[in-house]
Structures are given as structure tokens and as C-alpha cells.
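**Student:** Contents of target-v2.pdb (PDB, C-alpha atoms, pLDDT in the B column) are given next:
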MODEL        1
ATOM      1  CA  MET I  14      42.251  43.171 -41.691  1.00 84.00           C
ATOM      2  CA  GLN I  15      44.012  40.359 -39.860  1.00 92.00           C
ATOM      3  CA  VAL I  16      46.441  38.014 -41.612  1.00 94.00           C
ATOM      4  CA  SER I  17      48.619  35.385 -39.986  1.00 96.00           C
ATOM      5  CA  THR I  18      51.677  34.088 -41.822  1.00 96.00           C
ATOM      6  CA  GLN I  19      53.842  31.014 -41.516  1.00 96.00           C
ATOM      7  CA  THR I  20      56.497  29.456 -43.697  1.00 95.00           C
ATOM      8  CA  GLN I  21      56.463  25.913 -44.983  1.00 94.00           C
ATOM      9  CA  GLY I  22      59.316  25.009 -47.322  1.00 92.00           C
ATOM     10  CA  ARG I  23      59.424  27.574 -50.095  1.00 93.00           C
ATOM     11  CA  PHE I  24      55.864  28.688 -49.367  1.00 95.00           C
ATOM     12  CA  THR I  25      54.598  31.494 -47.209  1.00 97.00           C
ATOM     13  CA  ILE I  26      51.119  30.633 -46.026  1.00 97.00           C
ATOM     14  CA  ALA I  27      49.055  33.771 -45.434  1.00 97.00           C
ATOM     15  CA  THR I  28      45.801  33.031 -43.654  1.00 98.00           C
ATOM     16  CA  ILE I  29      43.033  35.597 -43.749  1.00 97.00           C
ATOM     17  CA  LEU I  30      41.460  35.660 -40.287  1.00 96.00           C
ATOM     18  CA  ASP I  31      38.551  37.949 -41.202  1.00 95.00           C
ATOM     19  CA  THR I  32      35.300  36.458 -42.432  1.00 96.00           C
ATOM     20  CA  ARG I  33      34.647  39.224 -44.984  1.00 96.00           C
ATOM     21  CA  MET I  34      36.744  40.432 -47.891  1.00 97.00           C
ATOM     22  CA  ASP I  35      35.020  43.534 -49.220  1.00 96.00           C
ATOM     23  CA  ALA I  36      35.706  46.997 -50.624  1.00 96.00           C
ATOM     24  CA  THR I  37      36.834  48.247 -47.205  1.00 94.00           C
ATOM     25  CA  ILE I  38      39.280  45.380 -46.785  1.00 93.00           C
ATOM     26  CA  ALA I  39      40.573  45.246 -50.373  1.00 96.00           C
ATOM     27  CA  PRO I  40      43.222  48.013 -50.072  1.00 96.00           C
ATOM     28  CA  GLN I  41      44.536  46.518 -46.791  1.00 96.00           C
ATOM     29  CA  LEU I  42      44.607  43.052 -48.314  1.00 95.00           C
ATOM     30  CA  LYS I  43      46.564  44.326 -51.289  1.00 96.00           C
ATOM     31  CA  HIS I  44      48.985  46.216 -49.030  1.00 96.00           C
ATOM     32  CA  SER I  45      49.608  43.288 -46.649  1.00 96.00           C
ATOM     33  CA  ILE I  46      50.310  40.710 -49.327  1.00 96.00           C
ATOM     34  CA  ALA I  47      52.287  43.184 -51.481  1.00 96.00           C
ATOM     35  CA  GLN I  48      54.490  43.759 -48.445  1.00 96.00           C
ATOM     36  CA  LEU I  49      55.180  40.010 -48.235  1.00 95.00           C
ATOM     37  CA  ILE I  50      56.062  39.933 -51.945  1.00 95.00           C
ATOM     38  CA  ASN I  51      58.357  42.958 -51.535  1.00 94.00           C
ATOM     39  CA  GLU I  52      60.107  41.159 -48.670  1.00 95.00           C
ATOM     40  CA  GLY I  53      60.926  38.332 -51.089  1.00 94.00           C
ATOM     41  CA  HIS I  54      58.085  35.931 -50.317  1.00 95.00           C
ATOM     42  CA  ASN I  55      57.311  35.005 -53.898  1.00 94.00           C
ATOM     43  CA  CYS I  56      55.490  31.729 -53.327  1.00 95.00           C
ATOM     44  CA  ILE I  57      52.347  32.515 -51.413  1.00 97.00           C
ATOM     45  CA  ILE I  58      49.455  30.328 -50.421  1.00 97.00           C
ATOM     46  CA  LEU I  59      46.530  32.573 -49.503  1.00 98.00           C
ATOM     47  CA  ASP I  60      44.203  30.634 -47.255  1.00 98.00           C
ATOM     48  CA  ILE I  61      40.717  32.135 -47.387  1.00 98.00           C
ATOM     49  CA  SER I  62      38.901  29.234 -45.744  1.00 98.00           C
ATOM     50  CA  ALA I  63      37.602  31.503 -42.948  1.00 98.00           C
ATOM     51  CA  VAL I  64      36.105  33.939 -45.460  1.00 98.00           C
ATOM     52  CA  THR I  65      32.344  33.591 -45.869  1.00 97.00           C
ATOM     53  CA  PHE I  66      31.826  36.622 -48.099  1.00 97.00           C
ATOM     54  CA  MET I  67      33.959  38.253 -50.768  1.00 98.00           C
ATOM     55  CA  ASP I  68      33.064  40.935 -53.314  1.00 98.00           C
ATOM     56  CA  SER I  69      34.593  41.818 -56.667  1.00 97.00           C
ATOM     57  CA  SER I  70      36.782  44.606 -55.277  1.00 97.00           C
ATOM     58  CA  SER I  71      38.720  42.037 -53.239  1.00 97.00           C
ATOM     59  CA  LEU I  72      38.924  39.807 -56.290  1.00 98.00           C
ATOM     60  CA  GLY I  73      40.447  42.784 -58.126  1.00 98.00           C
ATOM     61  CA  ALA I  74      42.999  43.180 -55.323  1.00 97.00           C
ATOM     62  CA  LEU I  75      43.997  39.510 -55.725  1.00 98.00           C
ATOM     63  CA  VAL I  76      44.428  39.995 -59.487  1.00 98.00           C
ATOM     64  CA  SER I  77      46.694  42.989 -58.881  1.00 97.00           C
ATOM     65  CA  LEU I  78      48.842  40.809 -56.589  1.00 97.00           C
ATOM     66  CA  LEU I  79      48.997  38.095 -59.239  1.00 96.00           C
ATOM     67  CA  LYS I  80      50.219  40.710 -61.723  1.00 96.00           C
ATOM     68  CA  MET I  81      52.753  41.967 -59.197  1.00 95.00           C
ATOM     69  CA  LEU I  82      54.184  38.469 -58.858  1.00 95.00           C
ATOM     70  CA  GLY I  83      54.255  37.894 -62.626  1.00 92.00           C
ATOM     71  CA  ASN I  84      56.544  35.014 -63.475  1.00 90.00           C
ATOM     72  CA  ARG I  85      58.556  35.461 -60.281  1.00 89.00           C
ATOM     73  CA  GLY I  86      56.453  33.185 -58.143  1.00 91.00           C
ATOM     74  CA  ASP I  87      53.131  31.604 -57.260  1.00 92.00           C
ATOM     75  CA  LEU I  88      49.929  32.784 -55.671  1.00 96.00           C
ATOM     76  CA  ILE I  89      47.704  29.864 -54.762  1.00 97.00           C
ATOM     77  CA  ILE I  90      44.245  30.473 -53.329  1.00 98.00           C
ATOM     78  CA  THR I  91      42.988  27.833 -50.916  1.00 98.00           C
ATOM     79  CA  GLY I  92      39.749  27.184 -49.069  1.00 98.00           C
ATOM     80  CA  ALA I  93      37.286  29.145 -51.232  1.00 98.00           C
ATOM     81  CA  ARG I  94      33.786  27.868 -50.489  1.00 97.00           C
ATOM     82  CA  GLY I  95      30.150  28.800 -50.915  1.00 97.00           C
ATOM     83  CA  ILE I  96      29.514  32.204 -52.462  1.00 97.00           C
ATOM     84  CA  VAL I  97      33.279  32.918 -52.384  1.00 98.00           C
ATOM     85  CA  ALA I  98      33.974  29.942 -54.680  1.00 98.00           C
ATOM     86  CA  ASP I  99      30.986  31.026 -56.802  1.00 98.00           C
ATOM     87  CA  LEU I 100      32.537  34.480 -57.257  1.00 98.00           C
ATOM     88  CA  PHE I 101      35.687  32.936 -58.772  1.00 98.00           C
ATOM     89  CA  LYS I 102      33.589  30.688 -61.038  1.00 97.00           C
ATOM     90  CA  LEU I 103      31.077  33.329 -62.194  1.00 97.00           C
ATOM     91  CA  THR I 104      33.886  35.716 -63.143  1.00 97.00           C
ATOM     92  CA  ARG I 105      35.849  32.764 -64.617  1.00 97.00           C
ATOM     93  CA  MET I 106      38.832  33.886 -62.559  1.00 97.00           C
ATOM     94  CA  ASP I 107      39.084  30.303 -61.267  1.00 97.00           C
ATOM     95  CA  ARG I 108      40.810  29.688 -64.617  1.00 96.00           C
ATOM     96  CA  VAL I 109      43.454  32.299 -63.879  1.00 96.00           C
ATOM     97  CA  PHE I 110      44.276  31.592 -60.242  1.00 96.00           C
ATOM     98  CA  ARG I 111      45.785  28.365 -59.044  1.00 95.00           C
ATOM     99  CA  MET I 112      43.238  27.134 -56.536  1.00 97.00           C
ATOM    100  CA  ALA I 113      43.170  24.247 -54.075  1.00 97.00           C
ATOM    101  CA  VAL I 114      40.620  23.014 -51.563  1.00 97.00           C
ATOM    102  CA  ASP I 115      43.017  23.461 -48.646  1.00 97.00           C
ATOM    103  CA  VAL I 116      46.608  24.308 -47.750  1.00 97.00           C
ATOM    104  CA  ASP I 117      47.755  20.664 -47.513  1.00 96.00           C
ATOM    105  CA  THR I 118      46.432  19.952 -50.998  1.00 96.00           C
ATOM    106  CA  ALA I 119      48.187  23.058 -52.367  1.00 95.00           C
ATOM    107  CA  LEU I 120      51.464  22.041 -50.741  1.00 93.00           C
ATOM    108  CA  GLY I 121      51.095  18.464 -51.988  1.00 88.00           C
ATOM    109  CA  ALA I 122      50.332  19.566 -55.547  1.00 81.00           C
ATOM    110  CA  SER I 123      53.239  21.987 -55.530  1.00 72.00           C
ATOM    111  CA  LEU I 124      55.653  19.319 -54.282  1.00 62.00           C
ATOM    112  CA  ALA I 125      54.422  16.963 -56.996  1.00 62.00           C
ATOM    113  CA  THR I 126      55.057  19.568 -59.711  1.00 64.00           C
ATOM    114  CA  ALA I 127      58.331  20.896 -58.267  1.00 57.00           C
TER     115      ALA I 127
ATOM    116  CA  MET H  13       0.356  31.992 -34.993  1.00 45.00           C
ATOM    117  CA  ASP H  14       0.421  30.739 -38.560  1.00 45.00           C
ATOM    118  CA  THR H  15       3.713  31.704 -40.149  1.00 44.00           C
ATOM    119  CA  ASN H  16       3.407  29.624 -43.304  1.00 44.00           C
ATOM    120  CA  TYR H  17       2.800  32.654 -45.506  1.00 54.00           C
ATOM    121  CA  GLN H  18       4.331  35.957 -44.693  1.00 72.00           C
ATOM    122  CA  GLU H  19       5.374  38.962 -46.682  1.00 91.00           C
ATOM    123  CA  TYR H  20       7.785  41.649 -45.602  1.00 93.00           C
ATOM    124  CA  ASN H  21       8.768  45.059 -46.889  1.00 94.00           C
ATOM    125  CA  ILE H  22      11.921  46.137 -45.066  1.00 96.00           C
ATOM    126  CA  ARG H  23      13.687  49.433 -45.637  1.00 97.00           C
ATOM    127  CA  LEU H  24      17.354  50.016 -44.863  1.00 98.00           C
ATOM    128  CA  SER H  25      19.598  52.963 -45.593  1.00 98.00           C
ATOM    129  CA  ILE H  26      23.242  53.910 -45.144  1.00 98.00           C
ATOM    130  CA  ASP H  27      25.470  56.852 -45.862  1.00 98.00           C
ATOM    131  CA  SER H  28      27.474  56.586 -49.084  1.00 98.00           C
ATOM    132  CA  ARG H  29      30.617  55.201 -47.451  1.00 98.00           C
ATOM    133  CA  LEU H  30      32.100  51.829 -48.327  1.00 97.00           C
ATOM    134  CA  GLU H  31      32.723  50.964 -44.669  1.00 96.00           C
ATOM    135  CA  GLN H  32      28.969  51.133 -44.040  1.00 97.00           C
ATOM    136  CA  VAL H  33      28.222  48.466 -46.655  1.00 98.00           C
ATOM    137  CA  ARG H  34      29.229  45.659 -44.290  1.00 96.00           C
ATOM    138  CA  VAL H  35      26.643  46.846 -41.766  1.00 97.00           C
ATOM    139  CA  LEU H  36      24.046  46.687 -44.526  1.00 97.00           C
ATOM    140  CA  SER H  37      25.271  43.180 -45.316  1.00 97.00           C
ATOM    141  CA  GLY H  38      24.905  42.207 -41.683  1.00 97.00           C
ATOM    142  CA  ALA H  39      21.325  43.487 -41.708  1.00 97.00           C
ATOM    143  CA  LEU H  40      20.517  41.495 -44.859  1.00 98.00           C
ATOM    144  CA  ARG H  41      22.091  38.369 -43.333  1.00 97.00           C
ATOM    145  CA  GLY H  42      20.010  38.799 -40.207  1.00 97.00           C
ATOM    146  CA  ILE H  43      16.849  39.232 -42.269  1.00 96.00           C
ATOM    147  CA  GLY H  44      17.688  36.203 -44.410  1.00 96.00           C
ATOM    148  CA  GLN H  45      18.441  34.013 -41.411  1.00 94.00           C
ATOM    149  CA  GLU H  46      15.229  35.068 -39.699  1.00 93.00           C
ATOM    150  CA  LEU H  47      13.307  34.211 -42.870  1.00 93.00           C
ATOM    151  CA  GLN H  48      15.202  30.893 -43.097  1.00 94.00           C
ATOM    152  CA  LEU H  49      16.712  31.491 -46.539  1.00 96.00           C
ATOM    153  CA  THR H  50      19.257  28.862 -47.549  1.00 96.00           C
ATOM    154  CA  ASP H  51      22.950  29.769 -47.271  1.00 95.00           C
ATOM    155  CA  ASP H  52      23.195  29.622 -51.072  1.00 96.00           C
ATOM    156  CA  LYS H  53      20.332  32.056 -51.708  1.00 97.00           C
ATOM    157  CA  LEU H  54      21.413  34.374 -48.927  1.00 97.00           C
ATOM    158  CA  GLY H  55      25.008  34.442 -50.184  1.00 97.00           C
ATOM    159  CA  GLN H  56      23.778  35.260 -53.690  1.00 98.00           C
ATOM    160  CA  LEU H  57      21.466  38.020 -52.442  1.00 98.00           C
ATOM    161  CA  GLU H  58      24.266  39.472 -50.353  1.00 98.00           C
ATOM    162  CA  LEU H  59      26.647  39.530 -53.308  1.00 98.00           C
ATOM    163  CA  ILE H  60      23.972  41.160 -55.519  1.00 98.00           C
ATOM    164  CA  MET H  61      23.286  43.830 -52.901  1.00 98.00           C
ATOM    165  CA  VAL H  62      26.931  44.550 -52.100  1.00 98.00           C
ATOM    166  CA  GLU H  63      27.920  44.844 -55.777  1.00 97.00           C
ATOM    167  CA  ALA H  64      24.945  47.144 -56.453  1.00 97.00           C
ATOM    168  CA  VAL H  65      25.603  49.353 -53.416  1.00 98.00           C
ATOM    169  CA  ASN H  66      29.360  49.494 -54.125  1.00 97.00           C
ATOM    170  CA  ASN H  67      28.466  50.657 -57.664  1.00 95.00           C
ATOM    171  CA  VAL H  68      26.204  53.388 -56.278  1.00 97.00           C
ATOM    172  CA  ILE H  69      28.910  54.654 -53.909  1.00 97.00           C
ATOM    173  CA  GLU H  70      31.746  54.419 -56.435  1.00 94.00           C
ATOM    174  CA  HIS H  71      29.959  55.575 -59.582  1.00 93.00           C
ATOM    175  CA  ALA H  72      26.662  57.340 -58.791  1.00 96.00           C
ATOM    176  CA  TYR H  73      28.183  59.232 -55.846  1.00 97.00           C
ATOM    177  CA  GLN H  74      31.831  59.168 -57.021  1.00 95.00           C
ATOM    178  CA  LEU H  75      32.971  58.019 -53.526  1.00 96.00           C
ATOM    179  CA  GLU H  76      31.560  61.169 -51.947  1.00 97.00           C
ATOM    180  CA  SER H  77      30.120  60.597 -48.470  1.00 98.00           C
ATOM    181  CA  GLY H  78      27.059  62.392 -47.112  1.00 98.00           C
ATOM    182  CA  ASN H  79      24.578  60.866 -49.569  1.00 98.00           C
ATOM    183  CA  GLU H  80      21.914  58.287 -48.854  1.00 97.00           C
ATOM    184  CA  VAL H  81      21.793  54.782 -50.286  1.00 98.00           C
ATOM    185  CA  HIS H  82      18.466  53.030 -49.727  1.00 98.00           C
ATOM    186  CA  VAL H  83      17.834  49.302 -49.931  1.00 98.00           C
ATOM    187  CA  ARG H  84      14.325  47.901 -49.811  1.00 97.00           C
ATOM    188  CA  VAL H  85      13.960  44.181 -49.205  1.00 97.00           C
ATOM    189  CA  GLU H  86      10.604  42.797 -50.311  1.00 96.00           C
ATOM    190  CA  TYR H  87      10.140  39.191 -49.299  1.00 96.00           C
ATOM    191  CA  SER H  88       7.517  36.629 -50.129  1.00 94.00           C
ATOM    192  CA  PRO H  89       8.036  32.863 -49.883  1.00 92.00           C
ATOM    193  CA  GLN H  90       8.336  32.775 -53.703  1.00 94.00           C
ATOM    194  CA  GLU H  91      10.904  35.497 -54.241  1.00 95.00           C
ATOM    195  CA  VAL H  92      12.946  38.340 -52.862  1.00 97.00           C
ATOM    196  CA  HIS H  93      13.088  41.767 -54.478  1.00 97.00           C
ATOM    197  CA  LEU H  94      15.964  44.098 -53.684  1.00 98.00           C
ATOM    198  CA  ILE H  95      15.446  47.722 -54.685  1.00 98.00           C
ATOM    199  CA  ILE H  96      18.612  49.805 -54.442  1.00 98.00           C
ATOM    200  CA  SER H  97      17.961  53.554 -54.715  1.00 98.00           C
ATOM    201  CA  ASP H  98      20.184  56.626 -54.822  1.00 98.00           C
ATOM    202  CA  HIS H  99      20.126  60.278 -55.849  1.00 97.00           C
ATOM    203  CA  GLY H 100      23.423  60.262 -57.710  1.00 96.00           C
ATOM    204  CA  GLN H 101      24.482  60.128 -61.326  1.00 94.00           C
ATOM    205  CA  ALA H 102      22.477  57.905 -63.663  1.00 92.00           C
ATOM    206  CA  MET H 103      23.762  54.468 -64.566  1.00 87.00           C
ATOM    207  CA  PRO H 104      24.880  54.245 -68.218  1.00 83.00           C
ATOM    208  CA  ASP H 105      22.178  52.452 -70.277  1.00 80.00           C
ATOM    209  CA  GLN H 106      24.412  49.628 -71.467  1.00 73.00           C
ATOM    210  CA  LEU H 107      25.083  48.547 -67.874  1.00 75.00           C
ATOM    211  CA  HIS H 108      21.485  47.611 -67.096  1.00 75.00           C
ATOM    212  CA  THR H 109      19.836  46.932 -70.454  1.00 71.00           C
ATOM    213  CA  GLU H 110      22.211  44.283 -71.752  1.00 66.00           C
ATOM    214  CA  VAL H 111      23.377  41.005 -70.343  1.00 64.00           C
ATOM    215  CA  ARG H 112      26.856  42.000 -69.337  1.00 67.00           C
ATOM    216  CA  VAL H 113      29.820  40.264 -70.824  1.00 76.00           C
ATOM    217  CA  MET H 114      32.295  39.576 -68.083  1.00 87.00           C
ATOM    218  CA  PRO H 115      35.822  40.919 -68.546  1.00 93.00           C
ATOM    219  CA  ASN H 116      38.098  38.390 -70.236  1.00 94.00           C
ATOM    220  CA  PRO H 117      39.978  36.538 -67.459  1.00 94.00           C
ATOM    221  CA  GLU H 118      43.076  36.316 -69.663  1.00 93.00           C
ATOM    222  CA  ASP H 119      43.309  40.134 -69.593  1.00 94.00           C
ATOM    223  CA  LEU H 120      43.779  39.929 -65.804  1.00 95.00           C
ATOM    224  CA  PRO H 121      41.044  42.490 -65.081  1.00 95.00           C
ATOM    225  CA  GLU H 122      41.024  44.218 -61.708  1.00 96.00           C
ATOM    226  CA  GLY H 123      37.375  45.266 -61.874  1.00 94.00           C
ATOM    227  CA  GLY H 124      34.352  45.649 -64.106  1.00 93.00           C
ATOM    228  CA  TRP H 125      32.516  42.543 -62.833  1.00 95.00           C
ATOM    229  CA  GLY H 126      29.828  44.214 -60.697  1.00 94.00           C
ATOM    230  CA  MET H 127      26.828  44.488 -63.028  1.00 93.00           C
ATOM    231  CA  GLY H 128      27.811  41.269 -64.807  1.00 94.00           C
ATOM    232  CA  LEU H 129      27.631  39.422 -61.494  1.00 96.00           C
ATOM    233  CA  ILE H 130      24.247  40.962 -60.719  1.00 96.00           C
ATOM    234  CA  HIS H 131      22.930  39.876 -64.132  1.00 94.00           C
ATOM    235  CA  LEU H 132      24.214  36.325 -63.593  1.00 95.00           C
ATOM    236  CA  LEU H 133      22.876  35.977 -60.056  1.00 97.00           C
ATOM    237  CA  ALA H 134      19.491  37.686 -60.466  1.00 96.00           C
ATOM    238  CA  ASP H 135      16.370  36.297 -62.103  1.00 96.00           C
ATOM    239  CA  SER H 136      15.358  39.738 -63.353  1.00 95.00           C
ATOM    240  CA  ILE H 137      16.704  43.287 -63.340  1.00 94.00           C
ATOM    241  CA  ARG H 138      14.930  46.590 -63.963  1.00 94.00           C
ATOM    242  CA  TYR H 139      16.430  50.059 -63.727  1.00 94.00           C
ATOM    243  CA  ILE H 140      14.301  53.168 -63.318  1.00 95.00           C
ATOM    244  CA  ARG H 141      15.430  56.778 -63.164  1.00 95.00           C
ATOM    245  CA  ASP H 142      12.751  59.201 -61.988  1.00 95.00           C
ATOM    246  CA  ALA H 143      12.485  62.521 -60.188  1.00 93.00           C
ATOM    247  CA  ARG H 144      13.432  60.806 -56.914  1.00 92.00           C
ATOM    248  CA  GLY H 145      16.601  59.269 -58.305  1.00 96.00           C
ATOM    249  CA  ASN H 146      17.866  55.920 -59.568  1.00 97.00           C
ATOM    250  CA  HIS H 147      16.283  52.615 -58.635  1.00 97.00           C
ATOM    251  CA  LEU H 148      17.720  49.220 -59.462  1.00 97.00           C
ATOM    252  CA  HIS H 149      15.114  46.472 -58.996  1.00 97.00           C
ATOM    253  CA  VAL H 150      16.560  42.993 -58.740  1.00 97.00           C
ATOM    254  CA  SER H 151      14.550  39.861 -58.098  1.00 97.00           C
ATOM    255  CA  LYS H 152      15.601  36.401 -57.045  1.00 97.00           C
ATOM    256  CA  HIS H 153      13.282  33.395 -57.044  1.00 97.00           C
ATOM    257  CA  LEU H 154      13.334  31.291 -53.901  1.00 95.00           C
ATOM    258  CA  VAL H 155      11.507  28.265 -55.307  1.00 87.00           C
TER     259      VAL H 155
ENDMDL
END
Using C-alpha cells, write down the structure that the file contains.
**Tutor:**
Amino acid sequence: MQVSTQTQGRFTIATILDTRMDATIAPQLKHSIAQLINEGHNCIILDISAVTFMDSSSLGALVSLLKMLGNRGDLIITGARGIVADLFKLTRMDRVFRMAVDVDTALGASLATA
Amino acid sequence: MDTNYQEYNIRLSIDSRLEQVRVLSGALRGIGQELQLTDDKLGQLELIMVEAVNNVIEHAYQLESGNEVHVRVEYSPQEVHLIISDHGQAMPDQLHTEVRVMPNPEDLPEGGWGMGLIHLLADSIRYIRDARGNHLHVSKHLV
């Protein structure tokens, strides 16, 4: 799985470059983002705008990362669209994750609430 | 040639390894694009198929490779049937006979959505276990 990272203010923006997040990718996804958290990046924007398909095993990996962060930081999901956005809605996990249409919106909302 | 009404019965199969599921997905996408399914319908069918096949590999075959997973795609302009077949352990009755209640989001679940998603996305579901194995029939209306 390919992830690019950049820092903007207190946020680390992790962009998923793959178009699929599935059961093969889920363990790598969990490992990559957990590594960022362990390095002290506690405010993460995960940009999944390139992802056109995601299954429930990847959703489970995202939940485990949310648990790992606990109250220490933020995990904001940006760019979910199509069947990927549907997956969050159908499982009602869109109520649990902070979600934004894109990275700029997430950064703007976070600045407004800071 | 008149292509206004066509029916297809397409058979696919993979080995019971999670990394092969994406190839199956690619095949379904190709079929759906060729048959001009909308992105919405194709995305839903793909999610149904992937969740069902993941379940077969993880539960029916207990993540053991070397077993066959078959997917039959039956298409007519009115609906698509997906029939997912395996020779592994039977699916517990409550998973296919009841409308699944999704895990409570507040509990921060890390799984358990698969059959619930299939129930929500499909128009009908039927599960058969016979001498040849387990068969999950899922249909999705196109009109």
C-alpha cells in the first residue's frame, strides 16, 4: 500500500495513493498509520479521495486506529465518495469518525474549533 | 446486431486467498462496465461480492488456501444475480435468515458488518447448503 504524508500545522496529512482498500491492504494500512501515531503524529487527516473501493475489513482497521488514538488526538477522514461513502453510512460509522469532503475543509473546520 | 436484450451467465473462480479477491473484483468491474451498469450499482455489487467472498475465505475456509471459491454472475437487463459457492464450513443460520443488525457504532466495532452490508445492499438473499457445498444467492434489481 502506498501512503504519502505531509505536515500542515498540527496535522499530519496521510494520503492513500491506492484506489482499493480491502482485506489485503487492511493490515498494511493499520501498520502504516499506527507507525505515524507511535512517532507522535496524533492529529491525522487520512485523505482517501483516490480510493474507489473499500471493504469492511479496512473500515475495521480505521476503527482500530481511532481506538489507538483515544483522547490523545484526532483522526479525520476526508474525500470518501461513492460506494466508499456509502460504506461509512450503511455501517453508521460516519457518526463515529470525523469526516470532511476534502483536506482543506478538514483543516478549516479544525482551525475554527481550535 | 441487436443488443437491446441480452442475458449472460458468467462463471469465475479463485483460490481461497484474500489477495485473489481483488482480481475477482477487477473481473466483476470489467463485466459491469461492459454491460454498462451505473457506477452506483456496480459499486454496490462489488461490495456485496467482496464481503461475501471475504466471509467464505475467513469463515468457511478459516483462511486456509487451496480451496475454490466460485462466483456466478447472472445478468439480465432487469437484475443481476451473484451466486457465491464454496465447499467449506456452513454459514450459521442466523447470518442468512435474519435481517442483520449492524454492530453498534458506539461500541467501536472492528468487524461484524459483512452479512449486514449484504442484507442492506441486496434486494434478496437465499442461502442453500447441498451436497456440493454452500451457495449464497444474492440478487440486485437494475431497474
**Student:** I want to know what sits within 12 Å of Ala39 in chain H, based on all atoms listed in the file, with residues of the same chain fewer than 2 positions away left out; could you give that as number ranges by chain?
**Tutor:** H: 22-26, 32-37, 41-46, 54, 58, 61-62, 83-85
**Student:** Let me make sure I understand: among H:Ala143, H:Val155, H:Leu133, H:Ile96, which one has the smallest atom-to-atom distance to Gln56 in chain H if we use only C-alpha atoms?
**Tutor:**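 Closest residue, counting only C-alpha atoms: H:Leu133.
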**Student:** One number please: CA of Asp98 in chain H to CA of Leu132 in chain H, in Å, one decimal.
**Tutor:**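 These atoms are spaced 22.5 Å apart.
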**Student:** May I ask for the distance between CA of Tyr20 in chain H and CA of Tyr87 in chain H, given in Å to one decimal place?
**Tutor:** 5.0 Å
**Student:** Starting from the displayed file, determine the output of the PyMOL selection byres ((chain I and resi 106) around 12) and express the residue list as a PyMOL selection string.
**Tutor:** (chain I and resi 69+72-73+75-76+79+90+97-105+107-112) or (chain H and resi 114-123+125)
**Student:** Would you mind reading off the distance between CA of Ile89 in chain I and CA of Met127 in chain H, one decimal, in Å?
**Tutor:**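 Rounded to one decimal, the two atoms are 26.8 Å apart.
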**Student:** I need the output of the PyMOL selection byres ((chain I and resi 82-86) around 10) for this file as a list of chain:residue names; which residues are they?
**Tutor:**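 After applying the PyMOL selection byres ((chain I and resi 82-86) around 10), what remains is I:Phe24, I:Ala47, I:Ile50, I:Asn51, I:Gly53, I:His54, I:Asn55, I:Cys56, I:Ile57, I:Val76, I:Ser77, I:Leu78, I:Leu79, I:Lys80, I:Met81, I:Asp87, I:Leu88, I:Ile89.
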**Student:** With all atoms of range 65-79 of chain H from the file as input, state the centre and edge lengths in Å to one decimal of the axis-aligned box that has 5 Å extra on each side, as AutoDock Vina command-line options.
**Tutor:**
--center_x 28.8 --center_y 55.9 --center_z -53.3 --size_x 18.4 --size_y 23.0 --size_z 22.5
**Student:** Would you mind telling me which residue in H:Ala64, H:Leu59, H:Ile137, H:Leu148 lies nearest to chain I when using all atoms listed in the file?
**Tutor:** H:Leu59
**Student:** Hey, what comes out of the PyMOL selection byres ((chain I and resi 113-117) around 9) on this file? Could you write it as an NGL selection string?
**Tutor:** :I and (26 or 58-60 or 62 or 89-94 or 111-112 or 118-122)
**Student:** So, with only C-alpha atoms as the atoms that count, which of I:Ala39, I:Met14, I:Val64, I:Ile46 lies closest to Ala27 in chain I?
**Tutor:**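 Of I:Ala39, I:Met14, I:Val64, I:Ile46, the one nearest Ala27 in chain I, counting only C-alpha atoms, is I:Ile46.
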**Student:** As a list of chain:residue names, please: the residues near Thr32 in chain I (cut-off 8 Å, all atoms listed in the file, same-chain neighbours under 3 positions excluded).
**Tutor:**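 Contacts, with the query itself left out: I:Ile29, I:Ala63, I:Val64, I:Thr65, I:Phe66.
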**Student:** Would you mind telling me which residue in H:Val113, H:Ile140, H:Val65, H:Leu30 lies nearest to chain I when using all atoms listed in the file?
**Tutor:**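 Among the listed residues, H:Leu30 lies closest to chain I.
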**Student:** Rank nothing, just name the residue among I:Thr25, I:Val16, I:Ile96, I:Ile38 nearest to chain H, using only C-alpha atoms.
**Tutor:**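 Between I:Thr25, I:Val16, I:Ile96, I:Ile38, the residue approaching chain H most closely is I:Ile96.
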